[in-house]
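The structure under discussion appears below in the form of structure tokens.
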Amino acid sequence: MTALCYDLVGSTDLLAVLDIEDYEELMSAFRRAARQAISSCSGVVDSEAGDGGVALFPAEMEAKDAASQAIRAGLEIIEACKRVGLEKDHTDLHVRVGIATSMTLVHGDGGDPAHASVTGPALAMATRLQAMAQPDAILVSDETRNLARRSHVFSFRGIHVIKGFAEPERIWRAISHKRDVDRFFAFGRLNNTFIGRGDELATIAACWHDAVAGKGGAILVQGEAGIGKSRLLYEVRKKTRFQRAKLLLFQCQPGGSHSALYPLLQNVRSDLAGKEGRLETSDVAQVFANQSVHDDEVVDIFSFLLGAEGSNPGLKEADLKVIREKAAWAVRRSIEAICEHGPLILVVEDIHWIDLTSRQLLAELALFIHRVPVLLIMTARPGTYLGFRDLPHITLKPLDREETRQAIMAMRPEIGAAAHSELISMVEEVTGGVPLFIEEICQWIAENAASITDRLAPAGSSSRISVFEGILQARLEALGPAKDVARAAAVAGNRFNLELLQKLLPEYSDETIGNALDTLIEAGFLIRVRPSGEPDYGFRHALIRETIYNALLRRRRQALHQSLFSAVGRDRNLAPWLGTAELAEHAERAGLIEEAIDQFIAAGRESYVRSAMAEARQILDHAMTLCQRVRGPDKQDVLRLAAMMPLGPILTATEGPNSLPARKLYEDGVEIARRRPLAERAKWFPIYWGWWFTGPTIDGERARAVLTDLRDVDDPEVQFQARHCVWAIEFNLGHHKNCIAAVDEGLALYGTGQRAGNATLFGGHDARVCGLSHRGLSQWFTGRAASAVRSLAEARRWAMQTAHVGSVAHVYINEAMLDCYRRDFSALRGVIADIRELTKRHHLPSLAALAQILEGWCEGNAARVEQGRDQIKEGLAIHGELQTPEDYPVYYGMLAELLARTGETDEALTLVSSAAAEAEAGGSLSWLAELYRRKAHLLLLRGSSGMEVVAALSKSLATADEQNAVPILLNAYEMLRTWGVSEELSRQYRSRVDLAKSAIEQGAALFVNLEPSLRH
């Protein structure tokens, strides 16, 4: 008999703070709820005392059922306690439960415990265990755990000396029955004798020994489907149970390769019914807390990677490299936290179906696993390549003849007798020693006693898979309606339930489908993956599902996929475990190509939002391929453009904006968009933007083409963003009046058009921040320093108001540029401090490199020239590894100035000449006049000919005059006049310089500090 003891925690304290009537009302409500929980699970309340009681689960019940029902009752008592606490406004109400099983003496009344005297150690043991339990936890005895091990999951809590008992007891904590049953329970007849595999077990045991000693490792177990990989790991699980603190199980599945972190996602989403599959940050936090990981940053990162609602929005703005680094850190931190409680076994099954993000994190784990007490065991089918170096592996081979005979004897002793040696030979031949095939054939033989040898003999020359298919089909045919349920289930996939199957098989009643599921479980085809409440089901082995699925006729298969897609598309609660990418696969297999493309695009966007770029690209590439199967060029064009819009930013992020894949996609996209009706062009504007952004040169042609193509589009946002393209190009070309005009036109449209989210879509920053910043820089070039300072101040205020990290970074960069132009080192040091603070809170490596360049510039102008020079060089080296910004000419000019002061004139001259050539070739011309002025200065220092100096100064003056770059024109002219190298050139520009001086705005200096060489 199984006894259950329960007791409220801290009820005496409640009595001290509550009125006696309120206290009694609370206790009565709890007692009623506890009695209801016990009776609903076929238990009998033996006694009640105050805030607790004892219940018995009768001897006439099967012992395993009694133990399982007692645990279920305990779980329901805990839930009832929480519910009563909420109803009575006492959320601190908690209960402890202890459960034990033993032989019991029942006095009188035919064993009815309700009317009999019961004596046995189970009652005392249950009482002791209840006293040891934590609040809202259930502790069970070793005997109870052994009886209920197939229906519940348990966590070992050590060996304890129990008062009143002579022998120490193994204590277990019962885990919620709602948790999925893992593959170790699901696959294979685990009661069967374990055959062979001694060497393989020894290899794993040696790895585990090292892990326990603190030197973790990884091992790969390979073998064909059905060879016994899961059965081997179950044996490992048994042999390590008293040494390990935790065992974590992750299962890759067909179709999961499109979803980032699919194995983890399935564990987190195991019970999301009623939430339409929506995952929340609290769900993720609970899963990690269950494994003793309580780090908020870890939860933040994994919530973001899993796409949970409520995840940290700041992570959406981080670049891909940052996300990868954070994810790798989160894996390490989680493993370290779990290992604080002891050695860990981490199992990842069927990695031939693994998604790319999970593969990357496994690779990161493999790099540091030797420093923690962890054994990582992965299983895969042959030919799987992980890319891990020096990864030990085990290849499971088929059972030999003797082992096959032993397996048959263990499964079906009546077949293994000597009289059936011919039959054994035939089983060995047709199964090839694959344990799953042996098991299925033994089951089939037991169901078909007549003419077995004759029916197997013709299959001898067939492949093992075809024999296996034949056996499965033969077994299914004998099950009546259950065969149709099995086939519908095979289409449903890795998980399904009664409600979903009802949608696929409307011709069958609920009772018929339910009975069929029970039949399929009894026959060994299916298992319950959620064994209580409204159960979910799955196939006992992936190969069984694959075989049944492949045997379906194409039209029937398509019809079932179509029914599933239609039903789940209307109500995601039917299958909350199905992600968008998996739903898209059902649409594709149903032949609903256009619907599949729409779903794949949605899935790609979901992956992109959580920075799962590899999966997003894979999904969207597939959507693009499917577009070729769409009939009708018009519809095909629309779908291709829809897929290109999210795919373009992914290619620019992963391959680079100047990469061939990104340029080709946007060039193709604009070609398609130009043949679409004018009314649609606003919808496809991101394609135009990407085409401009990925252009090979900065010449303004594409920006003007965007304006021309979209001039008649009546959408303020489109017109605004088109001018965003224009002012950026005009500034880079040095057309400062045009830049200011484009900004002013654009800002007039801002309030009516800017939509949330476009900061990340168009340039990674808010367009108003960008416009104000560019206007300010162009105002300085045109001699209006006071206006420039005001524009940048307004840009800063707006960036802070948006609270968008990319926009804040953008304004800091442009403020720094203005301070560099003006040589305002005091203001520049303030911006550097702001940049440092921003990079502390957000991992922005390119911005940190910029801060180092700017600090070097300040140091070099504070009489620490060599130190500043070296800082700029180091910063440029880091920056060069990360990106190539348009501000490089400015940075090179800074470095050249410091090099000249340290006497490294030749190096400075080479640097400036290279920078000028790159600027002219790439179209980044706004600083070109200053580079040529700097070149003239260096040539003079080096003692070059007057002709070379004049040529450089002439180029500087002509460029500055053409661009109306007033400060540079004045500086170049002052150099020309001071050095007296060309009176003719002085006369040529005198009137223009006078005009430029008259245009200088009062209120702020163009240069706060003069360049040292010009002071003298």
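In the structure tokens, chains take letters A, B, ... by order of appearance, with residues numbered from 1 within each chain and ligands from 1 in the order shown.
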
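Residue-level DSSP output for range 455-618 of chain A, from the backbone, shows strand (DSSP E) at Phe496, Asn497, Leu526, Ile527, Arg528, Asp536, Tyr537, Gly538 and Phe539 of chain A.
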
For those residues, write C-alpha atoms to a file as an mmCIF file, in the first residue's frame.
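That gives us out_12.cif:
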```cif
data_model
loop_
_atom_site.group_PDB
_atom_site.id
_atom_site.type_symbol
_atom_site.label_atom_id
_atom_site.label_comp_id
_atom_site.auth_asym_id
_atom_site.auth_seq_id
_atom_site.Cartn_x
_atom_site.Cartn_y
_atom_site.Cartn_z
ATOM 1 C CA PHE A 496 0.223 15.284 -31.707
ATOM 2 C CA ASN A 497 -2.880 14.943 -29.574
ATOM 3 C CA LEU A 526 3.317 5.267 -29.987
ATOM 4 C CA ILE A 527 4.145 6.620 -26.550
ATOM 5 C CA ARG A 528 2.583 9.300 -24.387
ATOM 6 C CA ASP A 536 0.106 14.352 -26.096
ATOM 7 C CA TYR A 537 1.587 11.501 -28.115
ATOM 8 C CA GLY A 538 4.628 10.734 -30.219
ATOM 9 C CA PHE A 539 6.163 7.829 -32.110
#
```

Practice problem: Looking only at alpha helix (DSSP H) from DSSP on the backbone, list the matching residues of range 764-983 of chain A as a count of residues only. | Solution: 182

From the options A:Val434, A:Ala218, A:Ala33, A:Leu953, which residue's atoms come nearest to Pro398 in chain A, counting only C-alpha atoms?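 Nearest candidate to Pro398 in chain A out of A:Val434, A:Ala218, A:Ala33, A:Leu953: A:Val434.
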
Could you check the closest approach to Phe600 in chain A for each of A:Val912, A:Cys820, A:His258, A:Gly893 and tell me which residue wins, using only C-alpha atoms?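 Ranked by minimum distance to Phe600 in chain A, first place goes to A:His258.
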
- Would you mind telling me which residue in A:Leu15, A:Ile740, A:Leu543, A:Leu574 lies nearest to Gln502 in chain A when using only C-alpha atoms?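 Checking each candidate against Gln502 in chain A, we get A:Leu574 as the closest.
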
re CA of Arg170 in chain A and CA of Tyr6 in chain A: distance 19.8 Å

One decimal, Å: what's the distance from CA of Thr905 in chain A over to CA of Glu983 in chain A, could you say?
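Computed distance, CA of Thr905 in chain A to CA of Glu983 in chain A, equals 26.1 Å.
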
What's the 12 Å shell around range 642-644 of chain A, counting only C-alpha atoms, without same-chain residues fewer than 5 positions away, as a CSV table (one decimal) with C-alpha atoms, in the first residue's frame?
```csv
chain,number,residue,atom,x,y,z
A,594,GLU,CA,2.1,30.4,-52.0
A,596,ALA,CA,4.1,28.0,-47.6
A,597,ILE,CA,6.2,31.0,-48.9
A,598,ASP,CA,4.2,33.4,-46.8
A,599,GLN,CA,4.8,31.3,-43.7
A,600,PHE,CA,8.5,30.8,-44.5
A,601,ILE,CA,8.9,34.6,-44.8
A,602,ALA,CA,7.2,35.1,-41.5
A,603,ALA,CA,9.5,32.4,-40.0
A,604,GLY,CA,12.5,34.1,-41.5
A,605,ARG,CA,11.5,37.4,-39.9
A,616,ALA,CA,16.8,33.2,-41.1
A,617,ARG,CA,18.9,33.1,-44.2
A,618,GLN,CA,18.3,29.3,-44.7
A,619,ILE,CA,14.6,29.8,-44.4
A,620,LEU,CA,14.4,32.8,-46.7
A,621,ASP,CA,16.7,31.2,-49.3
A,622,HIS,CA,14.2,28.3,-49.3
A,623,ALA,CA,11.3,30.7,-49.8
A,624,MET,CA,13.1,32.3,-52.8
A,625,THR,CA,13.6,28.8,-54.3
A,626,LEU,CA,9.9,28.0,-53.8
A,627,CYS,CA,8.9,31.2,-55.7
A,635,LYS,CA,2.3,36.6,-58.3
A,636,GLN,CA,5.8,35.2,-58.5
A,637,ASP,CA,7.2,38.8,-58.6
A,649,PRO,CA,19.4,43.1,-44.4
A,650,ILE,CA,20.5,39.5,-43.4
A,651,LEU,CA,22.9,39.4,-46.4
A,652,THR,CA,24.3,42.9,-45.6
A,661,PRO,CA,25.2,38.3,-52.8
A,662,ALA,CA,23.7,41.5,-51.2
A,663,ARG,CA,24.3,43.6,-54.3
A,664,LYS,CA,22.8,40.9,-56.6
A,665,LEU,CA,19.7,40.5,-54.5
A,666,TYR,CA,19.0,44.2,-54.4
A,667,GLU,CA,19.7,44.7,-58.1
A,668,ASP,CA,17.3,41.9,-59.0
A,669,GLY,CA,14.8,43.4,-56.5
A,670,VAL,CA,14.8,46.9,-58.0
A,672,ILE,CA,11.3,43.6,-60.3
A,673,ALA,CA,10.0,46.6,-58.3
A,680,GLU,CA,2.9,49.2,-54.9
A,683,LYS,CA,5.5,48.8,-50.2
A,684,TRP,CA,8.8,47.8,-51.8
A,685,PHE,CA,10.8,50.9,-50.7
A,686,PRO,CA,13.2,48.8,-48.5
A,687,ILE,CA,14.3,47.2,-51.8
A,688,TYR,CA,15.2,50.6,-53.2
A,690,GLY,CA,19.0,48.4,-50.0
A,691,TRP,CA,19.9,48.9,-53.7
```

Give me, as a PDB file with N, CA, C and O atoms, in the first residue's frame, all polymer residues having an atom no more than 8 Å from range 49-55 of chain A, counting only C-alpha atoms and skipping those fewer than 2 positions away in the same chain.
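Heads up, here's the output in selection.pdb:
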```pdb
ATOM      1  N   ALA A   3       1.224   5.240   1.083  1.00  0.00           N
ATOM      2  CA  ALA A   3       0.699   6.239   2.007  1.00  0.00           C
ATOM      3  C   ALA A   3       1.205   7.618   1.615  1.00  0.00           C
ATOM      4  O   ALA A   3       2.344   7.766   1.165  1.00  0.00           O
ATOM      5  N   LEU A   4       0.346   8.605   1.793  1.00  0.00           N
ATOM      6  CA  LEU A   4       0.689  10.000   1.495  1.00  0.00           C
ATOM      7  C   LEU A   4       0.426  10.839   2.731  1.00  0.00           C
ATOM      8  O   LEU A   4      -0.666  10.762   3.326  1.00  0.00           O
ATOM      9  N   CYS A   5       1.422  11.644   3.123  1.00  0.00           N
ATOM     10  CA  CYS A   5       1.265  12.547   4.260  1.00  0.00           C
ATOM     11  C   CYS A   5       1.475  13.976   3.789  1.00  0.00           C
ATOM     12  O   CYS A   5       2.419  14.251   3.037  1.00  0.00           O
ATOM     13  N   TYR A   6       0.611  14.883   4.183  1.00  0.00           N
ATOM     14  CA  TYR A   6       0.749  16.284   3.767  1.00  0.00           C
ATOM     15  C   TYR A   6       0.551  17.195   4.962  1.00  0.00           C
ATOM     16  O   TYR A   6      -0.136  16.849   5.932  1.00  0.00           O
ATOM     17  N   ASP A   7       1.187  18.385   4.912  1.00  0.00           N
ATOM     18  CA  ASP A   7       1.130  19.301   6.037  1.00  0.00           C
ATOM     19  C   ASP A   7       1.411  20.715   5.538  1.00  0.00           C
ATOM     20  O   ASP A   7       2.351  20.931   4.763  1.00  0.00           O
ATOM     21  N   LEU A   8       0.593  21.682   5.980  1.00  0.00           N
ATOM     22  CA  LEU A   8       0.829  23.079   5.605  1.00  0.00           C
ATOM     23  C   LEU A   8       2.099  23.599   6.283  1.00  0.00           C
ATOM     24  O   LEU A   8       2.409  23.212   7.412  1.00  0.00           O
ATOM     25  N   SER A  11       1.635  27.070   9.466  1.00  0.00           N
ATOM     26  CA  SER A  11       0.244  27.385   9.794  1.00  0.00           C
ATOM     27  C   SER A  11       0.119  28.012  11.183  1.00  0.00           C
ATOM     28  O   SER A  11      -0.775  28.814  11.438  1.00  0.00           O
ATOM     29  N   MET A  27      -8.252  27.165   6.717  1.00  0.00           N
ATOM     30  CA  MET A  27      -7.931  25.739   6.913  1.00  0.00           C
ATOM     31  C   MET A  27      -9.014  24.843   6.292  1.00  0.00           C
ATOM     32  O   MET A  27      -8.716  23.810   5.674  1.00  0.00           O
ATOM     33  N   ARG A  31      -8.445  22.012   3.513  1.00  0.00           N
ATOM     34  CA  ARG A  31      -8.776  20.599   3.751  1.00  0.00           C
ATOM     35  C   ARG A  31      -9.719  20.075   2.679  1.00  0.00           C
ATOM     36  O   ARG A  31      -9.575  18.946   2.205  1.00  0.00           O
ATOM     37  N   ILE A  38      -7.252  14.103  -3.329  1.00  0.00           N
ATOM     38  CA  ILE A  38      -6.988  12.701  -2.978  1.00  0.00           C
ATOM     39  C   ILE A  38      -8.054  11.784  -3.562  1.00  0.00           C
ATOM     40  O   ILE A  38      -7.759  10.756  -4.186  1.00  0.00           O
ATOM     41  N   GLY A  43      -7.669   7.853  -3.956  1.00  0.00           N
ATOM     42  CA  GLY A  43      -7.132   7.677  -2.616  1.00  0.00           C
ATOM     43  C   GLY A  43      -8.211   7.833  -1.566  1.00  0.00           C
ATOM     44  O   GLY A  43      -9.330   8.272  -1.841  1.00  0.00           O
ATOM     45  N   VAL A  44      -7.867   7.460  -0.325  1.00  0.00           N
ATOM     46  CA  VAL A  44      -8.800   7.544   0.796  1.00  0.00           C
ATOM     47  C   VAL A  44      -8.109   8.306   1.914  1.00  0.00           C
ATOM     48  O   VAL A  44      -6.964   8.001   2.282  1.00  0.00           O
ATOM     49  N   VAL A  45      -8.779   9.331   2.457  1.00  0.00           N
ATOM     50  CA  VAL A  45      -8.228  10.072   3.584  1.00  0.00           C
ATOM     51  C   VAL A  45      -8.325   9.207   4.821  1.00  0.00           C
ATOM     52  O   VAL A  45      -9.415   8.837   5.273  1.00  0.00           O
ATOM     53  N   ASP A  46      -7.168   8.860   5.389  1.00  0.00           N
ATOM     54  CA  ASP A  46      -7.138   8.001   6.583  1.00  0.00           C
ATOM     55  C   ASP A  46      -7.353   8.818   7.841  1.00  0.00           C
ATOM     56  O   ASP A  46      -8.048   8.395   8.757  1.00  0.00           O
ATOM     57  N   SER A  47      -6.742   9.995   7.876  1.00  0.00           N
ATOM     58  CA  SER A  47      -6.909  10.835   9.067  1.00  0.00           C
ATOM     59  C   SER A  47      -6.580  12.274   8.706  1.00  0.00           C
ATOM     60  O   SER A  47      -5.815  12.543   7.780  1.00  0.00           O
ATOM     61  N   PHE A  57      -3.639   4.695  -0.526  1.00  0.00           N
ATOM     62  CA  PHE A  57      -4.029   4.286  -1.871  1.00  0.00           C
ATOM     63  C   PHE A  57      -4.122   2.769  -1.851  1.00  0.00           C
ATOM     64  O   PHE A  57      -3.119   2.064  -1.704  1.00  0.00           O
ATOM     65  N   LEU A 123       3.361   4.398   6.482  1.00  0.00           N
ATOM     66  CA  LEU A 123       2.776   5.573   7.118  1.00  0.00           C
ATOM     67  C   LEU A 123       3.839   6.386   7.855  1.00  0.00           C
ATOM     68  O   LEU A 123       3.899   7.608   7.733  1.00  0.00           O
TER      69      LEU A 123
END
```
